[in-house]
Structure formats: structure tokens, C-alpha cells
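File shown here: input13.txt, holding compact mmCIF, C-alpha atoms.
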# COMPACT_ATOMS: atom_id res chain seq x y z
CA MET C 1255 25.32 17.74 23.61
CA SER C 1256 27.22 18.99 26.57
CA THR C 1257 24.50 18.50 29.14
CA LEU C 1258 24.30 14.81 28.34
CA ARG C 1259 28.01 14.20 28.31
CA SER C 1260 29.07 16.18 31.43
CA GLN C 1261 30.13 14.26 34.50
CA SER C 1262 29.25 15.34 38.02
CA THR C 1263 32.19 16.89 39.87
CA SER C 1264 30.69 16.57 43.36
CA ASP C 1265 31.13 13.61 45.62
CA ALA C 1266 27.40 13.05 45.76
CA PRO C 1267 26.11 10.17 43.69
CA SER C 1268 25.12 11.37 40.26
CA THR C 1269 21.48 11.04 39.28
CA GLU C 1270 22.31 11.43 35.60
CA THR C 1271 22.19 8.43 33.35
CA PRO C 1272 25.62 7.62 31.94
CA THR C 1273 26.08 8.75 28.35
CA SER C 1274 26.60 5.28 26.98
CA THR C 1275 23.36 4.06 28.49
CA ARG C 1276 21.43 7.03 27.13
CA GLU C 1277 22.78 6.48 23.63
CA SER C 1278 21.92 2.83 23.90
CA VAL C 1279 18.36 3.64 24.91
CA ALA C 1280 18.08 6.20 22.12
CA THR C 1281 19.13 3.75 19.44
CA LYS C 1282 16.74 1.13 20.80
CA ARG C 1283 13.66 3.28 20.35
CA PRO C 1284 11.60 1.36 17.82
CA TRP C 1285 10.73 2.56 14.36
CA ASN C 1286 7.07 2.72 13.48
CA VAL C 1287 5.60 1.92 10.11
CA VAL C 1288 2.72 4.34 9.55
CA VAL C 1289 0.01 3.82 6.93
CA TRP C 1290 -1.93 6.89 5.82
CA ASP C 1291 -5.53 7.11 4.72
CA ASP C 1292 -6.49 7.77 1.13
CA PRO C 1293 -9.99 8.42 -0.17
CA VAL C 1294 -10.23 5.74 -2.85
CA THR C 1295 -8.65 2.45 -1.75
CA PRO C 1296 -11.35 -0.11 -0.82
CA MET C 1297 -11.21 -1.16 2.83
CA SER C 1298 -11.10 -4.85 1.99
CA VAL C 1299 -8.01 -4.26 -0.15
CA VAL C 1300 -6.18 -2.70 2.79
CA VAL C 1301 -7.09 -5.70 4.96
CA VAL C 1302 -5.77 -8.29 2.50
CA ILE C 1303 -2.57 -6.29 2.00
CA PHE C 1304 -1.96 -6.08 5.77
CA ARG C 1305 -2.56 -9.82 6.04
CA LYS C 1306 -0.24 -10.53 3.12
CA ILE C 1307 2.65 -8.33 4.28
CA PHE C 1308 2.52 -8.75 8.05
CA GLY C 1309 0.73 -12.08 8.36
CA TYR C 1310 -1.82 -10.53 10.69
CA PRO C 1311 -5.08 -12.35 11.41
CA THR C 1312 -8.16 -10.83 9.81
CA GLU C 1313 -9.33 -9.25 13.08
CA LYS C 1314 -6.08 -7.35 13.64
CA ALA C 1315 -5.79 -6.34 9.99
CA THR C 1316 -9.38 -5.07 10.05
CA HIS C 1317 -8.80 -3.15 13.28
CA LEU C 1318 -5.71 -1.44 11.80
CA MET C 1319 -7.55 -0.64 8.57
CA LEU C 1320 -10.38 0.98 10.54
CA THR C 1321 -7.85 2.99 12.57
CA VAL C 1322 -6.36 4.29 9.32
CA HIS C 1323 -9.83 5.11 8.01
CA HIS C 1324 -11.10 6.89 11.12
CA GLU C 1325 -7.92 8.54 12.39
CA GLY C 1326 -6.17 9.19 9.10
CA ARG C 1327 -3.17 7.05 9.99
CA ALA C 1328 -2.18 4.01 12.01
CA ILE C 1329 1.02 2.47 13.26
CA VAL C 1330 0.90 -0.96 11.69
CA TRP C 1331 4.24 -2.32 12.85
CA SER C 1332 7.09 -1.31 15.20
CA GLY C 1333 10.62 -2.60 15.52
CA ALA C 1334 14.07 -2.41 13.99
CA ARG C 1335 14.68 0.30 11.40
CA GLU C 1336 15.79 -2.05 8.63
CA ARG C 1337 12.66 -4.15 8.89
CA ALA C 1338 10.49 -1.04 9.14
CA GLU C 1339 12.01 0.27 5.90
CA GLY C 1340 11.44 -3.09 4.27
CA TYR C 1341 7.78 -3.13 5.28
CA CYS C 1342 7.41 0.46 4.09
CA VAL C 1343 8.73 -0.49 0.67
CA GLN C 1344 6.36 -3.45 0.48
CA LEU C 1345 3.40 -1.22 1.36
CA HIS C 1346 4.44 1.17 -1.42
CA VAL C 1347 4.69 -1.73 -3.84
CA TYR C 1348 1.09 -2.61 -2.99
CA GLY C 1349 0.04 0.98 -3.58
CA LEU C 1350 -0.55 2.11 0.00
CA GLN C 1351 0.83 5.36 1.40
CA ALA C 1352 3.30 4.58 4.18
CA THR C 1353 6.14 6.24 6.05
CA ILE C 1354 8.42 5.31 8.92
CA GLU C 1355 9.12 7.33 12.05
CA GLN C 1356 11.07 6.68 15.20
CA ASP C 1357 8.99 6.18 18.31
CA ALA C 1358 8.84 9.35 20.42
CA MET U 913 -30.38 -8.48 -7.83
CA ALA U 914 -26.96 -9.61 -6.63
CA ARG U 915 -24.05 -8.58 -8.82
CA SER U 916 -22.14 -11.53 -10.19
CA ARG U 917 -18.54 -11.84 -9.07
CA ILE U 918 -15.75 -10.88 -11.43
CA PHE U 919 -13.06 -12.93 -9.68
CA VAL U 920 -13.84 -16.31 -8.18
CA ALA U 921 -11.49 -18.47 -6.12
CA ARG U 922 -11.53 -22.02 -7.49
CA ARG U 923 -10.95 -25.21 -5.55
CA ASP U 924 -7.68 -25.77 -7.41
CA GLY U 925 -6.34 -22.54 -5.94
CA ARG U 926 -6.57 -20.48 -9.10
CA ILE U 927 -8.59 -17.28 -9.44
CA GLU U 928 -11.12 -17.40 -12.25
CA VAL U 929 -11.50 -14.15 -14.22
CA ARG U 930 -15.03 -13.50 -15.48
CA LEU U 931 -14.40 -10.27 -17.35
CA ASN U 932 -16.14 -9.56 -20.63
CA ASP U 933 -14.31 -8.09 -23.61
CA ALA U 934 -14.87 -4.51 -22.45
CA GLY U 935 -13.56 -5.41 -18.99
CA ARG U 936 -10.50 -7.08 -20.46
CA GLU U 937 -9.82 -4.02 -22.55
CA PHE U 938 -10.21 -1.78 -19.50
CA VAL U 939 -7.69 -3.72 -17.36
CA ARG U 940 -5.30 -4.06 -20.30
CA GLU U 941 -5.43 -0.30 -20.74
CA GLN U 942 -4.80 0.34 -17.03
CA PHE U 943 -1.88 -2.12 -16.85
CA GLY U 944 -0.46 -0.64 -20.04
CA ARG U 945 -0.66 2.90 -18.68
CA LEU U 946 1.16 1.74 -15.56
CA ARG U 947 3.98 0.23 -17.61
CA VAL U 948 4.31 3.41 -19.67
CA ALA U 949 4.28 5.56 -16.52
CA GLU U 950 7.09 3.52 -14.99
CA ALA U 951 9.27 4.10 -18.03
CA ASP U 952 8.38 7.75 -18.59
CA PRO U 953 9.39 10.30 -15.90
CA GLN U 954 7.09 12.87 -17.54
CA HIS U 955 3.97 10.67 -17.42
CA ALA U 956 1.00 12.11 -15.55
CA TRP U 957 0.81 9.04 -13.30
CA ARG U 958 4.48 9.19 -12.38
CA GLY U 959 4.05 11.49 -9.39
CA SER U 960 1.86 9.04 -7.54
CA LEU U 961 4.21 6.16 -8.29
CA ASP U 962 7.27 7.81 -6.77
CA GLN U 963 7.58 7.31 -3.04
CA PRO U 964 10.07 8.73 -0.54
CA ILE U 965 11.76 5.55 0.62
CA ASP U 966 12.40 3.06 -2.04
CA PRO U 967 15.53 2.28 -3.90
CA SER U 968 14.40 -1.18 -4.93
CA ARG U 969 10.74 -0.60 -5.57
CA ALA U 970 10.80 0.26 -9.24
CA ASP U 971 11.88 -3.19 -10.33
CA ALA U 972 9.24 -4.89 -8.20
CA VAL U 973 6.46 -2.71 -9.53
CA THR U 974 7.65 -3.09 -13.06
CA SER U 975 7.50 -6.85 -12.84
CA ASN U 976 4.03 -6.75 -11.26
CA ALA U 977 2.64 -4.49 -13.97
CA GLU U 978 4.38 -6.51 -16.65
CA LEU U 979 3.01 -9.78 -15.28
CA ALA U 980 -0.46 -8.29 -15.02
CA LEU U 981 -0.30 -7.05 -18.60
CA VAL U 982 0.81 -10.35 -20.09
CA THR U 983 -1.91 -12.23 -18.16
CA ALA U 984 -4.68 -9.72 -18.95
CA GLY U 985 -6.36 -12.19 -21.31
CA GLU U 986 -6.13 -15.29 -19.11
CA GLU U 987 -9.27 -17.15 -18.06
CA SER U 988 -7.76 -17.91 -14.67
CA LEU U 989 -4.80 -16.67 -12.63
CA SER U 990 -2.39 -18.27 -10.22
CA THR U 991 -2.28 -16.69 -6.78
CA GLY U 992 0.93 -14.87 -7.68
CA GLU U 993 -0.58 -13.52 -10.88
CA ALA U 994 -3.69 -12.45 -8.99
CA TRP U 995 -1.53 -10.51 -6.53
CA ALA U 996 0.23 -8.84 -9.45
CA TRP U 997 -3.20 -7.82 -10.74
CA LEU U 998 -4.24 -6.51 -7.33
CA THR U 999 -1.01 -4.55 -6.95
CA SER U 1000 -1.28 -3.08 -10.44
CA LEU U 1001 -4.97 -2.25 -10.13
CA GLN U 1002 -4.31 -0.56 -6.78
CA LEU U 1003 -1.44 1.50 -8.23
CA ALA U 1004 -3.61 2.42 -11.19
CA LEU U 1005 -6.41 3.44 -8.82
CA ARG U 1006 -4.11 5.67 -6.78
CA ALA U 1007 -2.55 7.21 -9.88
CA CYS U 1008 -5.96 7.77 -11.42
CA ALA U 1009 -7.24 9.42 -8.22
CA VAL U 1010 -4.20 11.67 -7.86
CA THR U 1011 -4.24 12.85 -11.46
CA SER U 1012 -7.99 13.50 -11.16
CA GLY U 1013 -7.39 15.65 -8.08
CA LEU U 1014 -9.17 13.22 -5.76
CA MET U 1015 -7.00 13.71 -2.69
CA THR U 1016 -9.65 13.77 0.05
CA GLU U 1017 -13.06 12.29 0.84
CA ALA U 1018 -14.54 15.71 0.08
CA ASP U 1019 -12.93 15.71 -3.37
CA VAL U 1020 -14.50 12.34 -4.12
CA GLU U 1021 -17.92 13.40 -2.87
CA ALA U 1022 -17.81 16.58 -4.95
CA ALA U 1023 -16.59 14.90 -8.14
CA SER U 1024 -18.91 14.41 -11.10
CA PRO U 1025 -19.86 10.84 -12.05
CA GLU U 1026 -17.93 11.20 -15.30
CA ARG U 1027 -14.76 12.03 -13.39
CA LEU U 1028 -15.20 8.96 -11.21
CA VAL U 1029 -15.83 6.36 -13.92
CA ASP U 1030 -12.33 4.84 -13.95
CA VAL U 1031 -11.99 5.12 -10.17
CA VAL U 1032 -15.29 3.31 -9.59
CA ASN U 1033 -14.43 0.59 -12.12
CA LEU U 1034 -11.03 0.02 -10.54
CA GLN U 1035 -12.57 -0.06 -7.06
CA ALA U 1036 -15.10 -2.68 -8.19
CA LEU U 1037 -12.34 -4.87 -9.63
CA LEU U 1038 -10.21 -4.48 -6.51
CA PHE U 1039 -13.12 -5.20 -4.19
CA ASP U 1040 -13.87 -8.47 -5.96
CA LEU U 1041 -10.25 -9.50 -6.31
CA ALA U 1042 -9.56 -8.85 -2.63
CA ALA U 1043 -12.51 -11.08 -1.75
CA ALA U 1044 -11.18 -13.85 -3.98
CA LEU U 1045 -7.75 -13.59 -2.36
CA GLU U 1046 -9.13 -13.78 1.21
When written as C-alpha cells, how does the structure in this file appear?
Amino acid sequence: MSTLRSQSTSDAPSTETPTSTRESVATKRPWNVVVWDDPVTPMSVVVVIFRKIFGYPTEKATHLMLTVHHEGRAIVWSGARERAEGYCVQLHVYGLQATIEQDA
Amino acid sequence: MARSRIFVARRDGRIEVRLNDAGREFVREQFGRLRVAEADPQHAWRGSLDQPIDPSRADAVTSNAELALVTAGEESLSTGEAWAWLTSLQLALRACAVTSGLMTEADVEAASPERLVDVVNLQALLFDLAAALE
């Protein structure tokens, strides 16, 4: 976009972030793995699946499961896109509804 | 009276399966339906098995359902086999719920007991198996 790529023509120091830095920041925004609530999966099953896939301790897995249950969704992991996609696939394999989204 | 456990973690690391004949037939039927659904794009369960991101998933699920089916008569399961059961039972539960129109908590609450029979049975199996895998 032109507004991001334009360079200041005045002699005053530019307050704009250089394009390369902005692109770098944009690509470094983490990807979130989101698990969605469903009305039939037993809570304890969600906990053991979170523990199995992510290696979370029971307390963290339980907290995330309750977030899914009460809020309808929870971000269960954040990081590089490739790993997020891999976790998403694993969650699908275990029968949970999951998507990935880039952090806002 | 406390309900007896269906799956019990043994000291040797295996998961004992205490299903009666009817229970064995039920899980065999569920695992079998899953295998058929994976191979048949027109199967009623297929919609809930397809997910948006997953080029490699089909093979993994197929092997889980296949492993679950061939071990459906075993007296005890290895941890890996037990996870294949859990995965397959969970997929069967989701497919069963979707094809029964149980998409929300309200749908479940409004459903007749007859419509929930398979869902409740699968939930009971999953609940016990998850406890054994803890």
C-alpha cells in the first residue's frame, strides 16, 4: 500500500516505521490455534486431548477446557504458522473443532 | 450405587476393557461406521469428518479407526490402541451428534431420549476411557 511504502520528502526526521521493519513485524505476529465448543464432547476428554497434544499440565488443560466451555472458544496455543497448522490437524484427528487465526 | 468402570488402567500399563457382548457390538458398529464413512464421500457422517485444514488427516484417522476396529474384541489395550479407541469414539460421537442435528446445548436439551441413545453411550465410553488414560 502506498501509505506504508512512501518516504518522507521533508528534512524533518520521519516518524514512520520503515517498510522493511513493518513487514517484519507483520510476519512475526503469532498464529493462534483456536478450539471451539461443541455440545457433546465430555469435558474430561478435552482435557486429556490437550494434555496429549500440547503436553500441558492438568491445571492448564482444565483451565483451557473451561474457557472453551464458557466462552465458546479458547486460544490454546500461539506461535509459528507451521506449528499452529500442525496442532490444528492433530486436534481435528482427535475430533475437536479447531481453526487457526493470525493474532490481531 | 457406583457404576463400575468400563476401562481400567492396569499396573502393567495396559487398559483393561470390561465391555459385555452388547457393548462390544456397539463399539464395533461405531468403528465400522467410521471406516465406511471415511471411504464413502456420500456417507451421512462424512460432513463432520471433513475439516478445513488438513491434507494429511485422512490417513491418520483411517489408521485410528482401523486399529480400533481390529482391537474391538480385545480384553486389554495398549496405550496406543486405547488412544485409537478414544479418537474413533470421539469422531463417532461428533458425527452422530451432527447427523442428529445436535449442534448446540439447546438442541441437546430439547432432544428426545431416543435420539440421544448413541450419543449418551458414546459419552459414557469416552468419559471412562479418558479417566483411564489420565
Considering all atoms listed in the file, give me a table of residues in chain U that are at most 6 Å from chain C, with the closest atom pair and distance in Å for each, as CSV.
residue,atom,partner,partner_atom,distance
U:Asp966,CA,C:Val1343,CA,5.8
U:Thr999,CA,C:Tyr1348,CA,4.9
U:Gln1002,CA,C:Gly1349,CA,5.6
U:Leu1003,CA,C:Gly1349,CA,4.9
U:Thr1016,CA,C:Pro1293,CA,5.4
U:Glu1017,CA,C:Pro1293,CA,5.0
U:Ala1042,CA,C:Val1299,CA,5.4
Next, the residues of the selection above should be written as an mmCIF file, in the frame of the given file with C-alpha atoms.
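Output file part-v4.cif is given in full below:
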data_model
loop_
_atom_site.group_PDB
_atom_site.id
_atom_site.type_symbol
_atom_site.label_atom_id
_atom_site.label_comp_id
_atom_site.auth_asym_id
_atom_site.auth_seq_id
_atom_site.Cartn_x
_atom_site.Cartn_y
_atom_site.Cartn_z
ATOM 1 C CA ASP U 966 12.400 3.060 -2.040
ATOM 2 C CA THR U 999 -1.010 -4.550 -6.950
ATOM 3 C CA GLN U 1002 -4.310 -0.560 -6.780
ATOM 4 C CA LEU U 1003 -1.440 1.500 -8.230
ATOM 5 C CA THR U 1016 -9.650 13.770 0.050
ATOM 6 C CA GLU U 1017 -13.060 12.290 0.840
ATOM 7 C CA ALA U 1042 -9.560 -8.850 -2.630
#
Atom CA of U:Leu1034 to atom CA of U:Phe943: how many Å, to one decimal?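 We find that atom CA of U:Leu1034 and atom CA of U:Phe943 lie 11.3 Å from each other.
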d(atom CA of U:Leu1041, atom CA of C:Phe1304) in Å: 15.0 Å
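Residues in contact with C:Glu1325 at 12 Å, where all atoms listed in the file are counted and same-chain residues fewer than 5 positions away are skipped, are listed as Val1288, Val1289, Trp1290, Asp1291, Asp1292, His1317, Leu1318, Met1319 and Leu1320 of chain C.
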Exercise: U:Asp924 partners within 12 Å, only C-alpha atoms, chain neighbours under 6 positions left out, as an NGL selection string: :U and (988-991)
One decimal place gives the atom CA of U:Phe919-atom CA of U:Asp1040 separation as 5.9 Å
Which residue, C:Ile1307, C:Ile1329, C:Glu1355, C:Ala1315, has the smallest gap to U:Trp995 when you use all atoms listed in the file?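 Result for the nearest residue to U:Trp995: C:Ile1307.
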Polymer residues at most 10 Å from C:Arg1335, only C-alpha atoms, same-chain spacing of 6 or more positions, as a list in words: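 Contacts, in chain order: Thr1281, Lys1282, Arg1283, Pro1284, Trp1285, Asn1286, Val1287, Tyr1341, Ile1354, Glu1355 and Gln1356 of chain C.
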With C-alpha atoms retained, export the selected residues as a CSV table (one decimal), in the coordinates of the input.
chain,number,residue,atom,x,y,z
C,1281,THR,CA,19.1,3.8,19.4
C,1282,LYS,CA,16.7,1.1,20.8
C,1283,ARG,CA,13.7,3.3,20.4
C,1284,PRO,CA,11.6,1.4,17.8
C,1285,TRP,CA,10.7,2.6,14.4
C,1286,ASN,CA,7.1,2.7,13.5
C,1287,VAL,CA,5.6,1.9,10.1
C,1341,TYR,CA,7.8,-3.1,5.3
C,1354,ILE,CA,8.4,5.3,8.9
C,1355,GLU,CA,9.1,7.3,12.0
C,1356,GLN,CA,11.1,6.7,15.2
Using only C-alpha atoms, which protein or nucleic acid residues come within 8 Å of stretch 1009-1014 of chain U? Drop anything in the same chain fewer than 4 positions from it, and give the result as a VMD selection string. (chain C and resid 1293 to 1294) or (chain U and resid 956 to 957 960 1005 1019 to 1020 1023 1027 1031)
